[in-house]
>>> print(open('query-v5.pdb').read())   # PDB, C-alpha atoms
MODEL        1
ATOM      1  CA  MET A   1       7.790 -39.402 -12.948  1.00  0.00           C
ATOM      2  CA  TRP A   2       5.379 -39.087 -10.021  1.00  0.00           C
ATOM      3  CA  LYS A   3       8.200 -39.810  -7.576  1.00  0.00           C
ATOM      4  CA  ASP A   4      10.170 -36.909  -9.070  1.00  0.00           C
ATOM      5  CA  PHE A   5       7.159 -34.621  -8.895  1.00  0.00           C
ATOM      6  CA  TRP A   6       6.430 -35.386  -5.236  1.00  0.00           C
ATOM      7  CA  PHE A   7      10.126 -35.088  -4.414  1.00  0.00           C
ATOM      8  CA  LEU A   8      10.192 -31.581  -5.906  1.00  0.00           C
ATOM      9  CA  VAL A   9       6.990 -30.581  -4.075  1.00  0.00           C
ATOM     10  CA  ARG A  10       8.311 -31.918  -0.774  1.00  0.00           C
ATOM     11  CA  ILE A  11      11.714 -30.229  -1.103  1.00  0.00           C
ATOM     12  CA  THR A  12      10.145 -26.916  -2.142  1.00  0.00           C
ATOM     13  CA  LEU A  13       7.736 -26.922   0.805  1.00  0.00           C
ATOM     14  CA  TRP A  14      10.454 -27.985   3.213  1.00  0.00           C
ATOM     15  CA  THR A  15      12.871 -25.232   2.107  1.00  0.00           C
ATOM     16  CA  THR A  16      10.119 -22.607   2.102  1.00  0.00           C
ATOM     17  CA  PHE A  17       8.673 -23.386   5.534  1.00  0.00           C
ATOM     18  CA  ARG A  18      11.672 -24.685   7.486  1.00  0.00           C
ATOM     19  CA  LYS A  19      11.804 -21.418   9.454  1.00  0.00           C
ATOM     20  CA  PRO A  20       8.718 -20.471  11.528  1.00  0.00           C
ATOM     21  CA  SER A  21       9.035 -16.850  10.434  1.00  0.00           C
ATOM     22  CA  ASN A  22       8.251 -17.921   6.858  1.00  0.00           C
ATOM     23  CA  LEU A  23       4.849 -19.193   8.003  1.00  0.00           C
ATOM     24  CA  ILE A  24       4.055 -15.712   9.293  1.00  0.00           C
ATOM     25  CA  LEU A  25       5.362 -14.160   6.099  1.00  0.00           C
ATOM     26  CA  TYR A  26       3.357 -16.385   3.733  1.00  0.00           C
ATOM     27  CA  PHE A  27       0.110 -16.708   5.720  1.00  0.00           C
ATOM     28  CA  GLY A  28       0.015 -14.042   8.425  1.00  0.00           C
ATOM     29  CA  LEU A  29       0.805 -10.937   6.383  1.00  0.00           C
ATOM     30  CA  PRO A  30      -1.843 -11.508   3.681  1.00  0.00           C
ATOM     31  CA  VAL A  31      -4.506 -12.118   6.341  1.00  0.00           C
ATOM     32  CA  ALA A  32      -3.376  -9.001   8.218  1.00  0.00           C
ATOM     33  CA  GLY A  33      -3.541  -6.977   4.985  1.00  0.00           C
ATOM     34  CA  ILE A  34      -7.072  -8.157   4.260  1.00  0.00           C
ATOM     35  CA  LEU A  35      -8.206  -7.337   7.787  1.00  0.00           C
ATOM     36  CA  LEU A  36      -6.548  -3.904   7.692  1.00  0.00           C
ATOM     37  CA  SER A  37      -8.120  -2.964   4.355  1.00  0.00           C
ATOM     38  CA  THR A  38     -11.514  -4.173   5.578  1.00  0.00           C
ATOM     39  CA  LEU A  39     -11.238  -2.000   8.663  1.00  0.00           C
ATOM     40  CA  LEU A  40     -10.085   1.051   6.691  1.00  0.00           C
ATOM     41  CA  TYR A  41     -12.459   0.892   3.732  1.00  0.00           C
ATOM     42  CA  GLY A  42     -15.449  -1.002   5.086  1.00  0.00           C
ATOM     43  CA  SER A  43     -18.469   1.127   5.797  1.00  0.00           C
ATOM     44  CA  PRO A  44     -20.700   0.352   8.772  1.00  0.00           C
ATOM     45  CA  GLY A  45     -23.976   1.262   7.042  1.00  0.00           C
ATOM     46  CA  GLN A  46     -25.555   0.300   3.782  1.00  0.00           C
ATOM     47  CA  THR A  47     -24.817   2.499   0.828  1.00  0.00           C
ATOM     48  CA  VAL A  48     -27.400   3.457  -1.772  1.00  0.00           C
ATOM     49  CA  LEU A  49     -26.544   3.155  -5.455  1.00  0.00           C
ATOM     50  CA  ARG A  50     -27.671   6.331  -7.237  1.00  0.00           C
ATOM     51  CA  VAL A  51     -28.748   5.527 -10.796  1.00  0.00           C
ATOM     52  CA  GLY A  52     -29.778   8.119 -13.373  1.00  0.00           C
ATOM     53  CA  VAL A  53     -32.204   7.180 -16.127  1.00  0.00           C
ATOM     54  CA  ALA A  54     -32.474   9.144 -19.377  1.00  0.00           C
ATOM     55  CA  ASN A  55     -35.345   7.973 -21.561  1.00  0.00           C
ATOM     56  CA  GLY A  56     -33.851   8.094 -25.044  1.00  0.00           C
ATOM     57  CA  ASP A  57     -36.155   5.329 -26.261  1.00  0.00           C
ATOM     58  CA  GLY A  58     -39.157   6.182 -28.407  1.00  0.00           C
ATOM     59  CA  SER A  59     -41.263   3.687 -26.507  1.00  0.00           C
ATOM     60  CA  GLU A  60     -42.305   4.515 -22.957  1.00  0.00           C
ATOM     61  CA  ALA A  61     -43.050   0.908 -22.053  1.00  0.00           C
ATOM     62  CA  ILE A  62     -39.521  -0.478 -22.395  1.00  0.00           C
ATOM     63  CA  ALA A  63     -37.795   2.369 -20.551  1.00  0.00           C
ATOM     64  CA  ALA A  64     -40.414   2.407 -17.797  1.00  0.00           C
ATOM     65  CA  ASP A  65     -40.153  -1.381 -17.450  1.00  0.00           C
ATOM     66  CA  THR A  66     -36.384  -1.210 -17.098  1.00  0.00           C
ATOM     67  CA  ALA A  67     -36.502   1.673 -14.618  1.00  0.00           C
ATOM     68  CA  GLY A  68     -39.168  -0.149 -12.593  1.00  0.00           C
ATOM     69  CA  PHE A  69     -37.056  -3.289 -12.446  1.00  0.00           C
ATOM     70  CA  VAL A  70     -33.969  -1.396 -11.297  1.00  0.00           C
ATOM     71  CA  GLN A  71     -36.076   0.547  -8.756  1.00  0.00           C
ATOM     72  CA  GLY A  72     -37.202  -2.777  -7.273  1.00  0.00           C
ATOM     73  CA  LEU A  73     -33.628  -3.769  -6.432  1.00  0.00           C
ATOM     74  CA  ASP A  74     -32.404  -3.293  -2.880  1.00  0.00           C
ATOM     75  CA  ASN A  75     -30.463  -0.110  -2.068  1.00  0.00           C
ATOM     76  CA  VAL A  76     -31.008   1.547  -5.460  1.00  0.00           C
ATOM     77  CA  LYS A  77     -32.331   5.083  -5.940  1.00  0.00           C
ATOM     78  CA  ILE A  78     -33.575   6.017  -9.428  1.00  0.00           C
ATOM     79  CA  VAL A  79     -33.467   9.591 -10.742  1.00  0.00           C
ATOM     80  CA  SER A  80     -35.143  10.487 -14.062  1.00  0.00           C
ATOM     81  CA  LEU A  81     -33.124  13.080 -16.009  1.00  0.00           C
ATOM     82  CA  THR A  82     -32.517  14.364 -19.487  1.00  0.00           C
ATOM     83  CA  GLU A  83     -29.399  13.162 -21.277  1.00  0.00           C
ATOM     84  CA  SER A  84     -27.461  16.411 -20.733  1.00  0.00           C
ATOM     85  CA  GLU A  85     -28.359  16.521 -17.018  1.00  0.00           C
ATOM     86  CA  LEU A  86     -27.356  12.891 -16.721  1.00  0.00           C
ATOM     87  CA  LYS A  87     -23.922  13.520 -18.245  1.00  0.00           C
ATOM     88  CA  SER A  88     -23.285  16.559 -16.042  1.00  0.00           C
ATOM     89  CA  GLN A  89     -24.320  14.779 -12.830  1.00  0.00           C
ATOM     90  CA  LEU A  90     -22.199  11.744 -13.712  1.00  0.00           C
ATOM     91  CA  ALA A  91     -19.207  13.997 -14.334  1.00  0.00           C
ATOM     92  CA  ALA A  92     -19.808  15.814 -11.049  1.00  0.00           C
ATOM     93  CA  GLY A  93     -19.991  12.542  -9.139  1.00  0.00           C
ATOM     94  CA  GLU A  94     -23.575  13.056  -7.950  1.00  0.00           C
ATOM     95  CA  LEU A  95     -24.679   9.806  -9.627  1.00  0.00           C
ATOM     96  CA  ASP A  96     -23.017   6.390  -9.622  1.00  0.00           C
ATOM     97  CA  SER A  97     -24.302   5.211 -12.988  1.00  0.00           C
TER      98      SER A  97
ENDMDL
END
>>> encode(input="query-v5.pdb", output="structure tokens")
Amino acid sequence: MWKDFWFLVRITLWTTFRKPSNLILYFGLPVAGILLSTLLYGSPGQTVLRVGVANGDGSEAIAADTAGFVQGLDNVKIVSLTESELKSQLAAGELDS
């Protein structure tokens, strides 16, 4: 059974890569696509995640604790809003989450 398996693997690889142009097709084009998308969509600077916080909790301690933790993360800007302001700014695209 193993001989049959390795025979099939060997024949498949041999038929796939017998032409040098197939190596470029299978390995070169995906690498070129990754590099091209990185160049097009990669940003040179750091982006800041804009997070809106609406305190709908009755307890100030839990909401303040959570907002303080998120504020401590790198590249995160916290904005305290009411729930209606939060929904409108999310819809407008002024906030990320």
>>> axis_aligned_box(input="query-v5.pdb", around="region 21-39 of chain A", padding_each_side="5 Å", output="JSON")
{"center_x": -1.2, "center_y": -10.6, "center_z": 7.1, "size_x": 30.5, "size_y": 27.2, "size_z": 16.8}
>>> atom_distance(input="query-v5.pdb", atom1="CA of Gly52 (chain A)", atom2="CA of Asp74 (chain A)")
15.7 Å
>>> atom_distance(input="query-v5.pdb", atom1="CA of Thr16 (chain A)", atom2="CA of Leu29 (chain A)")
15.5 Å
>>> residues_near_point(input="query-v5.pdb", point="(-37.2, 11.8, -16.4)", cutoff="9 Å", atoms="all atoms listed in the file", output="list of chain:residue names")
A:Gly52, A:Val53, A:Ala54, A:Asn55, A:Val79, A:Ser80, A:Leu81, A:Thr82
>>> atom_distance(input="query-v5.pdb", atom1="CA of Ile62 (chain A)", atom2="CA of Ile78 (chain A)")
15.7 Å
>>> residues_near_point(input="query-v5.pdb", point="(-26.1, 8.6, -0.3)", cutoff="12 Å", atoms="only C-alpha atoms", output="list of chain:residue names")
A:Gly45, A:Gln46, A:Thr47, A:Val48, A:Leu49, A:Arg50, A:Val51, A:Asn75, A:Val76, A:Lys77, A:Gly93, A:Glu94, A:Leu95, A:Asp96
>>> build_atoms(input="query-v5.pdb", residues="region 43-65 of chain A", atoms="N, CA and C atoms", output="mmCIF file, keeping the file's coordinate frame")
data_model
loop_
_atom_site.group_PDB
_atom_site.id
_atom_site.type_symbol
_atom_site.label_atom_id
_atom_site.label_comp_id
_atom_site.auth_asym_id
_atom_site.auth_seq_id
_atom_site.Cartn_x
_atom_site.Cartn_y
_atom_site.Cartn_z
ATOM 1 N N SER A 43 -17.547 0.156 5.235
ATOM 2 C CA SER A 43 -18.469 1.127 5.797
ATOM 3 C C SER A 43 -19.461 0.407 6.714
ATOM 4 N N PRO A 44 -19.818 1.029 7.827
ATOM 5 C CA PRO A 44 -20.700 0.352 8.772
ATOM 6 C C PRO A 44 -22.145 0.270 8.283
ATOM 7 N N GLY A 45 -22.597 1.255 7.502
ATOM 8 C CA GLY A 45 -23.976 1.262 7.042
ATOM 9 C C GLY A 45 -24.089 0.799 5.609
ATOM 10 N N GLN A 46 -25.327 0.691 5.159
ATOM 11 C CA GLN A 46 -25.555 0.300 3.782
ATOM 12 C C GLN A 46 -25.487 1.537 2.900
ATOM 13 N N THR A 47 -24.892 1.395 1.763
ATOM 14 C CA THR A 47 -24.817 2.499 0.828
ATOM 15 C C THR A 47 -25.903 2.336 -0.225
ATOM 16 N N VAL A 48 -26.357 3.458 -0.755
ATOM 17 C CA VAL A 48 -27.400 3.457 -1.772
ATOM 18 C C VAL A 48 -26.760 3.758 -3.113
ATOM 19 N N LEU A 49 -27.037 2.950 -4.103
ATOM 20 C CA LEU A 49 -26.544 3.155 -5.455
ATOM 21 C C LEU A 49 -27.456 4.159 -6.146
ATOM 22 N N ARG A 50 -26.892 5.276 -6.573
ATOM 23 C CA ARG A 50 -27.671 6.331 -7.237
ATOM 24 C C ARG A 50 -27.568 6.135 -8.742
ATOM 25 N N VAL A 51 -28.704 5.841 -9.370
ATOM 26 C CA VAL A 51 -28.748 5.527 -10.796
ATOM 27 C C VAL A 51 -29.588 6.583 -11.498
ATOM 28 N N GLY A 52 -29.039 7.169 -12.560
ATOM 29 C CA GLY A 52 -29.778 8.119 -13.373
ATOM 30 C C GLY A 52 -30.319 7.443 -14.610
ATOM 31 N N VAL A 53 -31.558 7.780 -14.962
ATOM 32 C CA VAL A 53 -32.204 7.180 -16.127
ATOM 33 C C VAL A 53 -32.582 8.297 -17.087
ATOM 34 N N ALA A 54 -32.091 8.214 -18.316
ATOM 35 C CA ALA A 54 -32.474 9.144 -19.377
ATOM 36 C C ALA A 54 -33.253 8.346 -20.413
ATOM 37 N N ASN A 55 -34.498 8.711 -20.637
ATOM 38 C CA ASN A 55 -35.345 7.973 -21.561
ATOM 39 C C ASN A 55 -35.072 8.439 -22.981
ATOM 40 N N GLY A 56 -34.165 7.773 -23.663
ATOM 41 C CA GLY A 56 -33.851 8.094 -25.044
ATOM 42 C C GLY A 56 -34.583 7.174 -26.005
ATOM 43 N N ASP A 57 -35.409 6.291 -25.474
ATOM 44 C CA ASP A 57 -36.155 5.329 -26.261
ATOM 45 C C ASP A 57 -37.455 5.969 -26.730
ATOM 46 N N GLY A 58 -37.893 5.645 -27.905
ATOM 47 C CA GLY A 58 -39.157 6.182 -28.407
ATOM 48 C C GLY A 58 -40.348 5.568 -27.704
ATOM 49 N N SER A 59 -40.177 4.394 -27.169
ATOM 50 C CA SER A 59 -41.263 3.687 -26.507
ATOM 51 C C SER A 59 -41.177 3.910 -25.003
ATOM 52 N N GLU A 60 -42.278 4.301 -24.405
ATOM 53 C CA GLU A 60 -42.305 4.515 -22.957
ATOM 54 C C GLU A 60 -42.324 3.193 -22.186
ATOM 55 N N ALA A 61 -42.856 2.162 -22.775
ATOM 56 C CA ALA A 61 -43.050 0.908 -22.053
ATOM 57 C C ALA A 61 -41.715 0.239 -21.706
ATOM 58 N N ILE A 62 -40.783 0.223 -22.640
ATOM 59 C CA ILE A 62 -39.521 -0.478 -22.395
ATOM 60 C C ILE A 62 -38.690 0.268 -21.360
ATOM 61 N N ALA A 63 -38.585 1.585 -21.501
ATOM 62 C CA ALA A 63 -37.795 2.369 -20.551
ATOM 63 C C ALA A 63 -38.424 2.340 -19.160
ATOM 64 N N ALA A 64 -39.734 2.443 -19.096
ATOM 65 C CA ALA A 64 -40.414 2.407 -17.797
ATOM 66 C C ALA A 64 -40.276 1.035 -17.153
ATOM 67 N N ASP A 65 -40.334 -0.014 -17.957
ATOM 68 C CA ASP A 65 -40.153 -1.381 -17.450
ATOM 69 C C ASP A 65 -38.761 -1.556 -16.848
#
